[in-house]
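Engineer: Sharing input_29.txt here; it has compact mmCIF, C-alpha atoms.
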# COMPACT_ATOMS: atom_id res chain seq x y z
CA MET P 1 5.33 -9.41 19.12
CA GLU P 2 8.50 -8.52 21.04
CA LYS P 3 10.63 -10.38 18.50
CA TRP P 4 9.17 -8.37 15.61
CA ASN P 5 9.63 -5.10 17.49
CA GLU P 6 13.27 -6.05 18.00
CA LEU P 7 13.64 -6.59 14.25
CA CYS P 8 12.15 -3.13 13.65
CA TYR P 9 14.78 -1.70 15.97
CA ILE P 10 17.64 -3.53 14.23
CA LEU P 11 16.53 -3.01 10.63
CA SER P 12 14.99 0.44 10.78
CA GLU P 13 14.87 2.47 13.97
CA ASN P 14 18.53 2.11 14.98
CA LEU P 15 20.05 2.51 11.53
CA PRO P 16 22.35 5.49 10.96
CA THR P 17 21.52 7.91 8.18
CA ASN P 18 22.70 6.78 4.73
CA THR P 19 23.40 3.24 5.90
CA SER P 20 25.60 1.38 3.43
CA GLU P 21 24.38 -1.85 1.87
CA GLN P 22 27.27 -3.70 3.49
CA LEU P 23 26.32 -2.52 6.98
CA PHE P 24 22.66 -3.22 6.33
CA GLU P 25 23.51 -6.74 5.19
CA PHE P 26 25.27 -7.29 8.52
CA LYS P 27 22.11 -6.06 10.28
CA VAL P 28 19.95 -8.46 8.26
CA VAL P 29 22.19 -11.37 9.29
CA GLN P 30 21.82 -10.19 12.88
CA ALA P 31 18.03 -10.12 12.46
CA PHE P 32 17.86 -13.69 11.17
CA GLU P 33 20.05 -14.84 14.03
CA LYS P 34 17.42 -13.32 16.32
CA LEU P 35 14.98 -15.65 14.56
CA GLY P 36 17.10 -18.65 15.52
CA TRP P 37 19.28 -19.14 12.44
CA SER P 38 23.06 -19.37 12.86
CA GLU P 39 25.78 -18.10 10.55
CA TYR P 40 28.30 -20.03 12.65
CA ASN P 41 26.44 -23.30 12.02
CA LYS P 42 26.28 -22.50 8.29
CA GLU P 43 22.51 -21.97 8.34
CA ILE P 44 23.04 -18.43 7.03
CA ILE P 45 25.39 -18.37 4.04
CA VAL P 46 26.62 -14.90 3.10
CA ARG P 47 27.50 -14.18 -0.54
CA GLU P 48 28.18 -17.76 -1.49
CA SER P 49 29.75 -18.00 -4.95
CA VAL P 50 27.72 -20.42 -7.05
CA GLN P 51 28.92 -21.81 -10.38
CA VAL P 52 26.48 -21.27 -13.26
CA GLY P 53 27.39 -23.04 -16.47
CA ALA P 54 30.98 -23.25 -17.60
CA SER P 55 32.14 -19.73 -16.84
CA ASN P 56 29.51 -17.75 -14.91
CA ARG P 57 28.96 -17.38 -11.18
CA ILE P 58 26.32 -15.78 -8.97
CA SER P 59 26.51 -14.62 -5.35
CA PRO P 60 23.15 -14.26 -3.59
CA ASP P 61 23.39 -12.01 -0.55
CA LEU P 62 22.06 -14.61 1.90
CA VAL P 63 20.97 -18.21 1.56
CA LEU P 64 19.17 -19.83 4.50
CA ARG P 65 19.57 -23.59 4.65
CA SER P 66 19.28 -26.61 6.88
CA LYS P 67 21.38 -29.77 6.96
CA GLU P 68 18.33 -31.92 6.33
CA LEU P 69 16.55 -29.96 3.58
CA GLY P 70 19.35 -27.97 1.96
CA ASN P 71 18.61 -24.48 0.61
CA LEU P 72 15.36 -23.10 2.06
CA PHE P 73 15.10 -19.48 0.90
CA ILE P 74 17.15 -16.62 -0.51
CA VAL P 75 17.39 -13.11 0.93
CA GLU P 76 18.48 -10.19 -1.22
CA VAL P 77 19.49 -7.10 0.74
CA LYS P 78 19.10 -3.59 -0.67
CA LYS P 79 20.23 -0.28 0.74
CA PRO P 80 17.34 1.18 2.80
CA SER P 81 17.44 4.44 0.85
CA PHE P 82 16.56 2.58 -2.38
CA GLU P 83 13.01 1.98 -3.58
CA ILE P 84 12.72 -1.76 -3.05
CA ASP P 85 9.74 -1.91 -5.44
CA ASN P 86 12.29 -1.63 -8.27
CA LEU P 87 11.52 -4.30 -10.88
CA THR P 88 15.23 -4.98 -11.36
CA PHE P 89 15.51 -6.23 -7.78
CA LYS P 90 12.61 -8.61 -8.30
CA ARG P 91 14.13 -9.96 -11.51
CA GLN P 92 17.46 -10.51 -9.79
CA LEU P 93 15.80 -12.40 -6.94
CA SER P 94 13.75 -14.44 -9.41
CA SER P 95 16.91 -15.40 -11.29
CA TYR P 96 18.68 -16.49 -8.11
CA MET P 97 15.67 -18.49 -6.93
CA GLY P 98 15.51 -20.30 -10.26
CA ILE P 99 19.21 -21.11 -10.36
CA MET P 100 19.32 -22.18 -6.70
CA ARG P 101 16.01 -24.06 -7.07
CA VAL P 102 14.36 -22.53 -4.01
CA GLU P 103 10.68 -21.66 -3.79
CA PHE P 104 10.83 -18.75 -1.35
CA GLY P 105 12.62 -15.43 -1.66
CA ILE P 106 12.80 -12.25 0.39
CA LEU P 107 13.79 -8.70 -0.55
CA ILE P 108 14.77 -6.58 2.45
CA GLY P 109 15.42 -2.85 2.28
CA ASN P 110 13.19 -0.05 3.53
CA LYS P 111 10.57 -2.79 3.96
CA ILE P 112 10.25 -6.54 3.48
CA ARG P 113 8.80 -8.14 0.34
CA LEU P 114 8.02 -11.87 0.29
CA PHE P 115 7.97 -13.85 -2.96
CA LEU P 116 6.93 -17.37 -3.87
CA ASP P 117 7.66 -19.40 -6.98
CA GLY P 118 4.93 -18.70 -9.53
CA LYS P 119 4.38 -22.42 -10.17
CA PHE P 120 2.07 -22.51 -7.14
CA PHE P 121 -0.26 -20.11 -8.98
CA ASN P 122 0.28 -21.38 -12.53
CA GLN P 123 2.34 -18.28 -13.30
CA ASN P 124 5.83 -17.71 -14.64
CA GLY P 125 8.55 -16.15 -12.52
CA ILE P 126 7.92 -15.28 -8.89
CA VAL P 127 4.81 -13.84 -7.24
CA LEU P 128 4.72 -11.16 -4.54
CA ILE P 129 2.73 -12.58 -1.64
CA ASP P 130 3.23 -9.93 1.03
CA GLU P 131 4.81 -6.59 1.83
CA ILE P 132 5.71 -5.64 5.38
CA GLU P 133 6.71 -2.23 6.70
CA PHE P 134 8.96 -1.86 9.72
CA LYS P 135 6.26 -0.77 12.15
CA ARG P 136 6.14 -1.94 15.73
CA ASP P 137 3.24 -4.13 16.88
CA SER P 138 2.42 -5.02 13.28
CA GLU P 139 0.30 -8.12 12.70
CA LYS P 140 2.09 -8.63 9.39
CA GLY P 141 5.40 -8.41 11.21
CA LEU P 142 4.28 -10.99 13.74
CA LYS P 143 3.29 -13.28 10.87
CA PHE P 144 6.72 -12.84 9.30
CA VAL P 145 8.37 -13.93 12.55
CA GLN P 146 6.12 -16.97 12.74
CA LEU P 147 6.81 -17.99 9.15
CA PHE P 148 10.57 -17.45 9.05
CA SER P 149 11.78 -18.30 12.53
CA LYS P 150 13.95 -21.40 12.42
CA GLU P 151 11.88 -23.18 15.06
CA THR P 152 8.57 -22.74 13.22
CA PHE P 153 9.73 -22.61 9.59
CA ASN P 154 7.45 -24.78 7.49
CA ARG P 155 6.94 -24.78 3.74
CA GLU P 156 3.23 -25.59 4.00
CA ASN P 157 2.57 -22.63 6.31
CA ILE P 158 4.18 -20.23 3.83
CA GLU P 159 2.19 -21.70 0.94
CA ASN P 160 -1.05 -21.33 2.92
CA HIS P 161 -0.17 -17.74 3.77
CA ALA P 162 0.55 -17.08 0.10
CA GLN P 163 -2.83 -18.48 -0.93
CA GLU P 164 -4.56 -16.21 1.59
CA LYS P 165 -2.73 -13.12 0.32
CA ILE P 166 -3.38 -13.97 -3.32
CA GLN P 167 -7.07 -14.39 -2.48
CA GLU P 168 -7.08 -10.96 -0.80
CA LEU P 169 -5.53 -9.37 -3.90
CA LYS P 170 -8.04 -11.16 -6.11
CA GLU P 171 -10.92 -9.85 -4.00
CA ILE P 172 -9.61 -6.28 -4.30
CA LYS P 173 -9.26 -6.70 -8.06
CA ASP P 174 -12.74 -8.22 -8.39
CA PHE P 175 -14.19 -5.46 -6.21
CA LYS P 176 -12.80 -2.77 -8.50
CA ARG P 177 -13.85 -4.61 -11.65
CA LEU P 178 -17.41 -5.14 -10.44
CA LYS P 179 -17.75 -1.56 -9.24
CA ASN P 180 -16.51 -0.17 -12.55
CA GLN P 181 -18.81 -2.55 -14.38
CA LEU P 182 -21.85 -1.40 -12.41
CA LEU P 183 -20.93 2.25 -12.98
CA SER P 184 -20.47 1.81 -16.73
CA GLU P 185 -22.97 3.17 -19.25
CA ASN P 186 -23.35 -0.27 -20.76
CA TYR P 187 -24.46 -1.75 -17.45
CA HIS P 188 -26.86 1.13 -16.90
CA GLU P 189 -28.68 0.06 -20.05
CA LYS P 190 -28.79 -3.54 -18.83
CA ILE P 191 -30.36 -2.44 -15.54
CA VAL P 192 -33.02 -0.39 -17.30
CA ASP P 193 -33.79 -3.31 -19.61
CA TYR P 194 -34.07 -5.62 -16.61
CA LEU P 195 -36.48 -3.24 -14.87
CA ARG P 196 -38.62 -3.02 -17.98
CA THR P 197 -38.75 -6.82 -18.20
CA GLU P 198 -39.87 -7.09 -14.58
CA LEU P 199 -42.34 -4.22 -14.68
CA ILE P 200 -44.05 -5.40 -17.86
CA LYS P 201 -45.41 -8.31 -15.84
CA GLU P 202 -47.53 -5.89 -13.84
CA TYR P 203 -47.90 -2.67 -15.83
CA ASP P 204 -48.77 -1.61 -19.34
CA GLU P 205 -45.73 -0.81 -21.49
CA LYS P 206 -46.94 2.74 -22.19
CA ILE P 207 -47.20 3.47 -18.47
CA ILE P 208 -43.69 2.13 -17.90
CA GLU P 209 -42.25 4.35 -20.64
CA LYS P 210 -44.02 7.43 -19.27
CA VAL P 211 -42.59 6.78 -15.81
CA PHE P 212 -39.08 6.26 -17.19
CA LYS P 213 -39.32 9.62 -18.94
CA ILE P 214 -39.69 11.45 -15.64
CA LEU P 215 -37.38 9.24 -13.54
CA GLU P 216 -33.67 8.60 -13.80
CA VAL P 217 -32.22 5.20 -12.98
CA LYS P 218 -28.68 5.60 -11.76
CA ILE P 219 -25.97 3.71 -9.89
CA GLU P 220 -23.34 5.96 -8.35
CA ASN P 221 -20.78 6.01 -5.58
CA LYS P 222 -22.33 6.44 -2.17
CA THR P 223 -21.07 9.20 0.09
CA LYS P 224 -19.16 7.55 2.90
CA ILE P 225 -21.29 7.77 6.03
CA VAL P 226 -19.50 8.68 9.24
CA PRO P 227 -21.19 7.75 12.55
CA ILE P 228 -22.74 10.85 14.07
CA GLU P 229 -20.83 10.39 17.32
CA ASN P 230 -17.55 10.62 15.37
CA TYR P 231 -18.51 13.53 13.19
CA GLU P 232 -19.45 16.97 14.25
CA LYS P 233 -19.79 19.40 11.39
CA ARG P 234 -17.52 22.31 12.06
CA SER P 235 -18.39 25.87 11.20
CA ARG P 236 -16.86 27.04 7.98
CA LYS P 237 -14.29 29.48 9.28
CA LYS P 238 -12.38 31.70 6.94
CA TYR P 239 -8.62 31.40 7.07
CA ASN P 240 -5.97 33.37 5.29
CA SER P 241 -4.30 31.21 2.67
CA PHE P 242 -0.78 30.03 3.41
CA GLU P 243 0.09 31.10 -0.12
CA ASN P 244 -1.31 34.60 -0.14
CA SER P 245 -3.75 36.52 2.02
CA ASN P 246 -5.17 38.23 -1.05
CA SER P 247 -8.04 35.96 -2.08
CA SER P 248 -7.86 37.12 -5.70
CA GLU P 249 -4.33 35.70 -5.94
CA LYS P 250 -4.97 32.40 -4.17
CA LEU P 251 -4.17 29.20 -5.99
CA PRO P 252 -7.17 27.05 -6.95
CA ILE P 253 -7.81 24.50 -4.22
CA GLY P 254 -6.49 21.55 -6.25
CA LYS P 255 -3.17 23.20 -7.08
CA TYR P 256 -2.94 24.52 -3.54
CA VAL P 257 -3.33 21.04 -2.02
CA ARG P 258 -0.73 19.53 -4.33
CA LYS P 259 1.79 22.33 -3.80
CA THR P 260 1.55 22.50 -0.02
CA PHE P 261 1.30 18.73 0.47
CA ASN P 262 4.39 18.29 -1.68
CA LYS P 263 6.24 20.67 0.66
CA LEU P 264 5.14 18.68 3.70
CA VAL P 265 6.34 15.45 2.11
CA SER P 266 9.67 16.84 0.90
CA SER P 267 10.28 18.32 4.37
CA ASN P 268 9.34 15.01 6.03
CA LEU P 269 6.71 16.70 8.20
CA ILE P 270 4.11 13.91 8.14
CA ASP P 271 4.68 11.00 10.52
CA ARG P 272 3.71 7.38 9.89
CA ASN P 273 0.64 7.55 12.13
CA GLU P 274 -0.74 10.47 10.16
CA ILE P 275 -0.05 8.64 6.89
CA ASP P 276 -2.12 5.73 8.20
CA ARG P 277 -4.96 8.06 9.19
CA LEU P 278 -4.94 9.78 5.80
CA GLN P 279 -5.78 6.43 4.20
CA ARG P 280 -9.05 6.19 6.16
CA GLY P 281 -12.32 7.41 4.69
CA ASP P 282 -13.83 8.44 8.03
CA TYR P 283 -10.77 10.46 9.07
CA SER P 284 -10.60 12.19 5.69
CA LYS P 285 -14.30 13.07 5.87
CA VAL P 286 -14.00 14.58 9.34
CA THR P 287 -10.70 16.34 8.67
CA PHE P 288 -11.14 17.61 5.10
CA ASP P 289 -14.86 17.13 4.42
CA ILE P 290 -13.96 15.08 1.33
CA GLN P 291 -15.72 11.88 0.34
CA PHE P 292 -12.68 9.65 -0.25
CA PRO P 293 -9.48 8.85 1.68
CA PHE P 294 -6.92 11.63 1.27
CA LEU P 295 -4.26 9.02 0.38
CA ALA P 296 -4.63 5.68 -1.36
CA LYS P 297 -2.25 3.03 -2.60
CA GLU P 298 -2.86 1.69 -6.09
CA ASN P 299 -3.94 -1.71 -4.73
CA SER P 300 -6.35 -0.15 -2.24
CA ALA P 301 -10.06 -0.85 -2.59
CA TYR P 302 -10.61 2.92 -2.50
CA TYR P 303 -8.26 3.80 -5.36
CA GLU P 304 -9.87 4.95 -8.61
CA ARG P 305 -7.96 6.81 -11.29
CA ALA P 306 -10.83 9.24 -11.71
CA ARG P 307 -10.72 10.18 -8.00
CA TYR P 308 -6.95 10.57 -7.51
CA TRP P 309 -4.26 12.64 -9.22
CA LYS P 310 -2.06 10.59 -11.52
CA ASN P 311 1.30 11.75 -10.15
CA PRO P 312 2.21 9.64 -7.10
CA TYR P 313 3.99 10.64 -3.90
CA HIS P 314 6.84 8.56 -2.47
CA ILE P 315 6.52 8.54 1.31
CA ASN P 316 8.58 6.29 3.58
CA GLY P 317 9.34 4.00 0.66
CA GLU P 318 5.67 3.61 -0.29
CA ILE P 319 3.80 4.98 -3.32
CA TYR P 320 0.60 6.91 -2.63
CA PHE P 321 -1.92 8.84 -4.70
CA VAL P 322 -3.67 11.98 -3.41
CA CYS P 323 -7.41 12.49 -3.71
CA SER P 324 -8.33 14.99 -6.42
CA GLN P 325 -11.94 15.55 -5.33
CA TRP P 326 -11.69 19.05 -3.82
CA TYR P 327 -14.28 21.81 -4.05
CA GLU P 328 -14.31 25.50 -3.31
CA VAL P 329 -17.82 26.84 -3.74
CA SER P 330 -20.13 28.49 -1.25
CA ALA P 331 -22.13 25.30 -0.69
CA ASN P 332 -19.07 23.05 -0.42
CA ASN P 333 -15.79 24.70 0.50
CA ASP P 334 -13.00 22.28 1.43
CA ARG P 335 -10.24 24.90 1.70
CA PRO P 336 -10.83 25.86 5.38
CA TYR P 337 -10.66 22.22 6.41
CA TYR P 338 -7.44 21.59 4.51
CA GLU P 339 -5.81 24.79 5.78
CA GLU P 340 -6.66 23.93 9.37
CA TRP P 341 -5.02 20.51 8.94
CA LEU P 342 -2.04 22.10 7.18
CA ARG P 343 -1.62 24.54 10.05
CA LYS P 344 -1.68 21.68 12.56
CA MET P 345 1.00 19.77 10.65
CA LYS P 346 3.28 22.80 10.55
CA ASN P 347 2.68 23.78 14.17
CA LYS P 348 3.16 20.22 15.37
CA ASN P 349 6.60 20.02 13.82
CA ALA P 350 7.53 23.57 14.83
CA ASN P 351 6.91 22.66 18.47
CA GLN P 352 9.03 19.51 18.40
Rewrite the structure of this file - the entire thing - as structure tokens.
Structural biologist:
Amino acid sequence: MEKWNELCYILSENLPTNTSEQLFEFKVVQAFEKLGWSEYNKEIIVRESVQVGASNRISPDLVLRSKELGNLFIVEVKKPSFEIDNLTFKRQLSSYMGIMRVEFGILIGNKIRLFLDGKFFNQNGIVLIDEIEFKRDSEKGLKFVQLFSKETFNRENIENHAQEKIQELKEIKDFKRLKNQLLSENYHEKIVDYLRTELIKEYDEKIIEKVFKILEVKIENKTKIVPIENYEKRSRKKYNSFENSNSSEKLPIGKYVRKTFNKLVSSNLIDRNEIDRLQRGDYSKVTFDIQFPFLAKENSAYYERARYWKNPYHINGEIYFVCSQWYEVSANNDRPYYEEWLRKMKNKNANQ
């Protein structure tokens, strides 16, 4: 893990503000040398000019190669202040990989994105197999070091890792599809029909219909249960709004959350640890008394369009959606919980 933590220091923690792409490229070369590759021994080739056709040339940022196997993988370096999710960057990398005939490619900027030739998955172009943030003690980071260190670099290991990640993404996709299917009106009718078919074996049809008239068959999202030892219901204190102490002029809770959270994000007042906690259902339940994680990425198992506002937030180079399920009625008032958290965020940064 020490090697990955050192890469975090080189590629993120120790970077000056507004690092140029040229300086960052130098840092990336330094990082790969930490992984055992050598620019001196021509294992790291920087901006090699490659002839394409009769009159065109390309210059990938870095090409990693060995004397025995030739070109191994391409690294494209992007300024850390850029959103590395940009589709243009992926297309550029895909083009270079195709021309150079390499199967692995890496985009490095404010995070690391790993790509594999789509032929392994019967797809065109290249396929994203992993995304790694520069966080110390990261298991993903450790895996990156294992896969791309010179001493342990092995094509089969990367392919196996890719298959595992693709399977994870497939499971998330299937989870969402099945859940939406079970919640659909069409499936509700199928369930009722199935129950009728089973019950008719034991009961008269008239009795079944009478019972169905007074009962409702429904599949719905379960409220996330938090272990009692982790959750102590707090008294619903009344706080003055940060917007206005006059309750008649307060913003509705939804607008209030979006407005104040936007200020926290734009002022960079939420640290990475808090961002991680806000993606947990149990933490969000205890902190805000809401039933879904406060933040969710689009590929998260928790994310549903109906439960999250459509406008995303860009935080630390990642795209997040904020939960829209907020209530402000006497029986269920989420405002005091949110305001208490908001106060803590502001006080925490004021004291630093």
Engineer: Report as CSV the residues of segment 120-147 of chain P within 12 Å of segment 31-38 of chain P, each with its shortest atom pair and distance in Å (one decimal), using all atoms listed in the file, ordered by chain and increasing residue number.
Structural biologist:
residue,atom,partner,partner_atom,distance
P:Leu142,CA,P:Leu35,CA,11.7
P:Phe144,CA,P:Leu35,CA,10.2
P:Val145,CA,P:Leu35,CA,7.1
P:Gln146,CA,P:Leu35,CA,9.1
P:Leu147,CA,P:Leu35,CA,10.1
Engineer: Enter the distance from atom CA of Arg272 of chain P to atom CA of Pro252 of chain P, in Å, rounded to one decimal.
Structural biologist: 28.1 Å
Engineer: Would you compute, for all listed atoms of segment 74-91 of chain P, the axis-aligned bounding box grown by 6 Å on each side, and then report its centre and edge lengths in Å rounded to one decimal, as JSON?
Structural biologist:
{"center_x": 15.0, "center_y": -6.1, "center_z": -4.4, "size_x": 22.5, "size_y": 33.1, "size_z": 26.3}
Engineer: List the spatial neighbours of segment 122-134 of chain P as a PDB file with C-alpha atoms, in the frame of the given file - criterion: any atom at most 7 Å away, only C-alpha atoms, same-chain residues fewer than 5 positions off excluded.
Structural biologist:
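Below is the file that was written, result_14.pdb:
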ATOM      1  CA  CYS P   8      12.150  -3.130  13.650  1.00  0.00           C
ATOM      2  CA  SER P  12      14.990   0.440  10.780  1.00  0.00           C
ATOM      3  CA  SER P  94      13.750 -14.440  -9.410  1.00  0.00           C
ATOM      4  CA  LYS P 111      10.570  -2.790   3.960  1.00  0.00           C
ATOM      5  CA  ILE P 112      10.250  -6.540   3.480  1.00  0.00           C
ATOM      6  CA  ARG P 113       8.800  -8.140   0.340  1.00  0.00           C
ATOM      7  CA  LEU P 114       8.020 -11.870   0.290  1.00  0.00           C
ATOM      8  CA  PHE P 115       7.970 -13.850  -2.960  1.00  0.00           C
ATOM      9  CA  LEU P 116       6.930 -17.370  -3.870  1.00  0.00           C
ATOM     10  CA  ASP P 117       7.660 -19.400  -6.980  1.00  0.00           C
ATOM     11  CA  LYS P 140       2.090  -8.630   9.390  1.00  0.00           C
ATOM     12  CA  GLY P 141       5.400  -8.410  11.210  1.00  0.00           C
ATOM     13  CA  ALA P 162       0.550 -17.080   0.100  1.00  0.00           C
ATOM     14  CA  LYS P 165      -2.730 -13.120   0.320  1.00  0.00           C
ATOM     15  CA  ILE P 166      -3.380 -13.970  -3.320  1.00  0.00           C
TER      16      ILE P 166
END
Engineer: Need the shell around Ile108 of chain P: protein/DNA/RNA residues with any atom at most 7 Å away, counting all atoms listed in the file. Skip same-chain ones fewer than 5 positions apart. Format as a CSV table (one decimal) with C-alpha atoms, in the frame of the given file?
Structural biologist:
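Final output, out_26.csv:
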chain,number,residue,atom,x,y,z
P,76,GLU,CA,18.5,-10.2,-1.2
P,77,VAL,CA,19.5,-7.1,0.7
P,78,LYS,CA,19.1,-3.6,-0.7
P,113,ARG,CA,8.8,-8.1,0.3
Engineer: Report the distance between atom CA of Glu318 of chain P and atom CA of Phe294 of chain P in Å, rounded to one decimal place.
Structural biologist: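 Atom-to-atom, atom CA of Glu318 of chain P to atom CA of Phe294 of chain P, that is 15.0 Å.
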Engineer: Kindly give the distance, in Å, that separates atom CA of Ile319 of chain P and atom CA of Glu159 of chain P, rounded to a single decimal.
Structural biologist: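 For atom CA of Ile319 of chain P relative to atom CA of Glu159 of chain P, the distance reads 27.1 Å.
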Engineer: Tell me, as a list in words, which residues lie within 12 Å of Gln51 of chain P, counting all atoms listed in the file; anything in the same chain fewer than 6 positions away does not count.
Structural biologist: Arg57, Ile58, Ser59, Pro60, Tyr96, Ile99 and Met100 of chain P
Engineer: How would the residues just chosen look if you wrote them out with C-alpha atoms as a PDB file, in the coordinates of the input?
Structural biologist:
ATOM      1  CA  ARG P  57      28.960 -17.380 -11.180  1.00  0.00           C
ATOM      2  CA  ILE P  58      26.320 -15.780  -8.970  1.00  0.00           C
ATOM      3  CA  SER P  59      26.510 -14.620  -5.350  1.00  0.00           C
ATOM      4  CA  PRO P  60      23.150 -14.260  -3.590  1.00  0.00           C
ATOM      5  CA  TYR P  96      18.680 -16.490  -8.110  1.00  0.00           C
ATOM      6  CA  ILE P  99      19.210 -21.110 -10.360  1.00  0.00           C
ATOM      7  CA  MET P 100      19.320 -22.180  -6.700  1.00  0.00           C
TER       8      MET P 100
END
Engineer: Counting all atoms listed in the file, what is within 10 Å of Ile315 of chain P, bar same-chain residues fewer than 6 positions away, as number ranges by chain?
Structural biologist: P: 265-266, 268, 270-272, 275
Engineer: Could you turn the residues from that selection into a file that holds C-alpha atoms, as a tab-separated table (two decimals), in the frame of the given file?
Structural biologist:
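So the final result, stored in again.tsv, reads:
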chain	number	residue	atom	x	y	z
P	265	VAL	CA	6.34	15.45	2.11
P	266	SER	CA	9.67	16.84	0.90
P	268	ASN	CA	9.34	15.01	6.03
P	270	ILE	CA	4.11	13.91	8.14
P	271	ASP	CA	4.68	11.00	10.52
P	272	ARG	CA	3.71	7.38	9.89
P	275	ILE	CA	-0.05	8.64	6.89
Engineer: Need to verify the contact set: segment 174-186 of chain P, 8 Å, all atoms listed in the file, exclusion of same-chain residues closer than 2 positions in sequence. Can you return it as a VMD selection string?
Structural biologist: chain P and resid 170 to 172 188 to 190 219 to 220 301
Engineer: With distances taken over all atoms listed in the file, which of P:Val52, P:Val46, P:Cys323, P:Ile106 is nearest to Phe73 of chain P?
Structural biologist: P:Ile106
Engineer: When you write segment 39-96 of chain P out from the block above, keep C-alpha atoms and present the result as a CSV table (one decimal), in the first residue's frame, please.
Structural biologist:
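Below you can see part29.csv, which holds the result:
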chain,number,residue,atom,x,y,z
P,39,GLU,CA,12.6,6.4,-19.2
P,40,TYR,CA,16.4,6.0,-19.4
P,41,ASN,CA,16.1,2.4,-20.6
P,42,LYS,CA,13.4,3.5,-23.2
P,43,GLU,CA,10.6,1.6,-21.3
P,44,ILE,CA,8.7,5.0,-21.0
P,45,ILE,CA,8.5,6.8,-24.3
P,46,VAL,CA,7.4,10.4,-24.0
P,47,ARG,CA,5.5,12.0,-26.9
P,48,GLU,CA,6.9,9.7,-29.6
P,49,SER,CA,6.0,10.9,-33.1
P,50,VAL,CA,4.4,8.1,-35.0
P,51,GLN,CA,3.8,8.1,-38.7
P,52,VAL,CA,0.2,7.5,-39.8
P,53,GLY,CA,-0.4,7.1,-43.5
P,54,ALA,CA,1.5,9.2,-46.0
P,55,SER,CA,1.3,12.5,-44.3
P,56,ASN,CA,-0.2,12.3,-40.8
P,57,ARG,CA,1.5,11.8,-37.4
P,58,ILE,CA,0.4,11.2,-33.8
P,59,SER,CA,2.2,11.7,-30.5
P,60,PRO,CA,0.8,9.8,-27.6
P,61,ASP,CA,1.8,11.3,-24.3
P,62,LEU,CA,3.4,8.1,-22.9
P,63,VAL,CA,4.0,4.6,-24.4
P,64,LEU,CA,5.1,1.9,-22.0
P,65,ARG,CA,7.0,-0.9,-23.7
P,66,SER,CA,9.4,-3.8,-23.2
P,67,LYS,CA,12.2,-5.0,-25.4
P,68,GLU,CA,10.6,-8.5,-25.6
P,69,LEU,CA,7.0,-7.6,-26.2
P,70,GLY,CA,7.1,-4.1,-27.7
P,71,ASN,CA,4.3,-1.6,-26.9
P,72,LEU,CA,2.4,-2.6,-23.8
P,73,PHE,CA,0.0,0.3,-23.0
P,74,ILE,CA,-0.6,3.9,-23.7
P,75,VAL,CA,-1.0,6.7,-21.1
P,76,GLU,CA,-2.7,9.9,-21.9
P,77,VAL,CA,-2.1,12.7,-19.4
P,78,LYS,CA,-4.7,15.5,-18.8
P,79,LYS,CA,-4.4,18.6,-16.7
P,80,PRO,CA,-5.8,17.7,-13.2
P,81,SER,CA,-8.2,20.7,-13.3
P,82,PHE,CA,-10.0,19.1,-16.4
P,83,GLU,CA,-12.9,16.7,-16.1
P,84,ILE,CA,-11.2,13.5,-17.2
P,85,ASP,CA,-14.7,11.9,-17.9
P,86,ASN,CA,-14.7,14.0,-21.1
P,87,LEU,CA,-15.7,11.8,-24.0
P,88,THR,CA,-13.1,13.5,-26.3
P,89,PHE,CA,-10.3,12.2,-24.1
P,90,LYS,CA,-11.6,8.7,-24.4
P,91,ARG,CA,-11.9,8.9,-28.2
P,92,GLN,CA,-8.4,10.2,-28.4
P,93,LEU,CA,-7.1,7.4,-26.3
P,94,SER,CA,-9.1,4.9,-28.3
P,95,SER,CA,-7.7,6.2,-31.6
P,96,TYR,CA,-4.1,6.0,-30.3
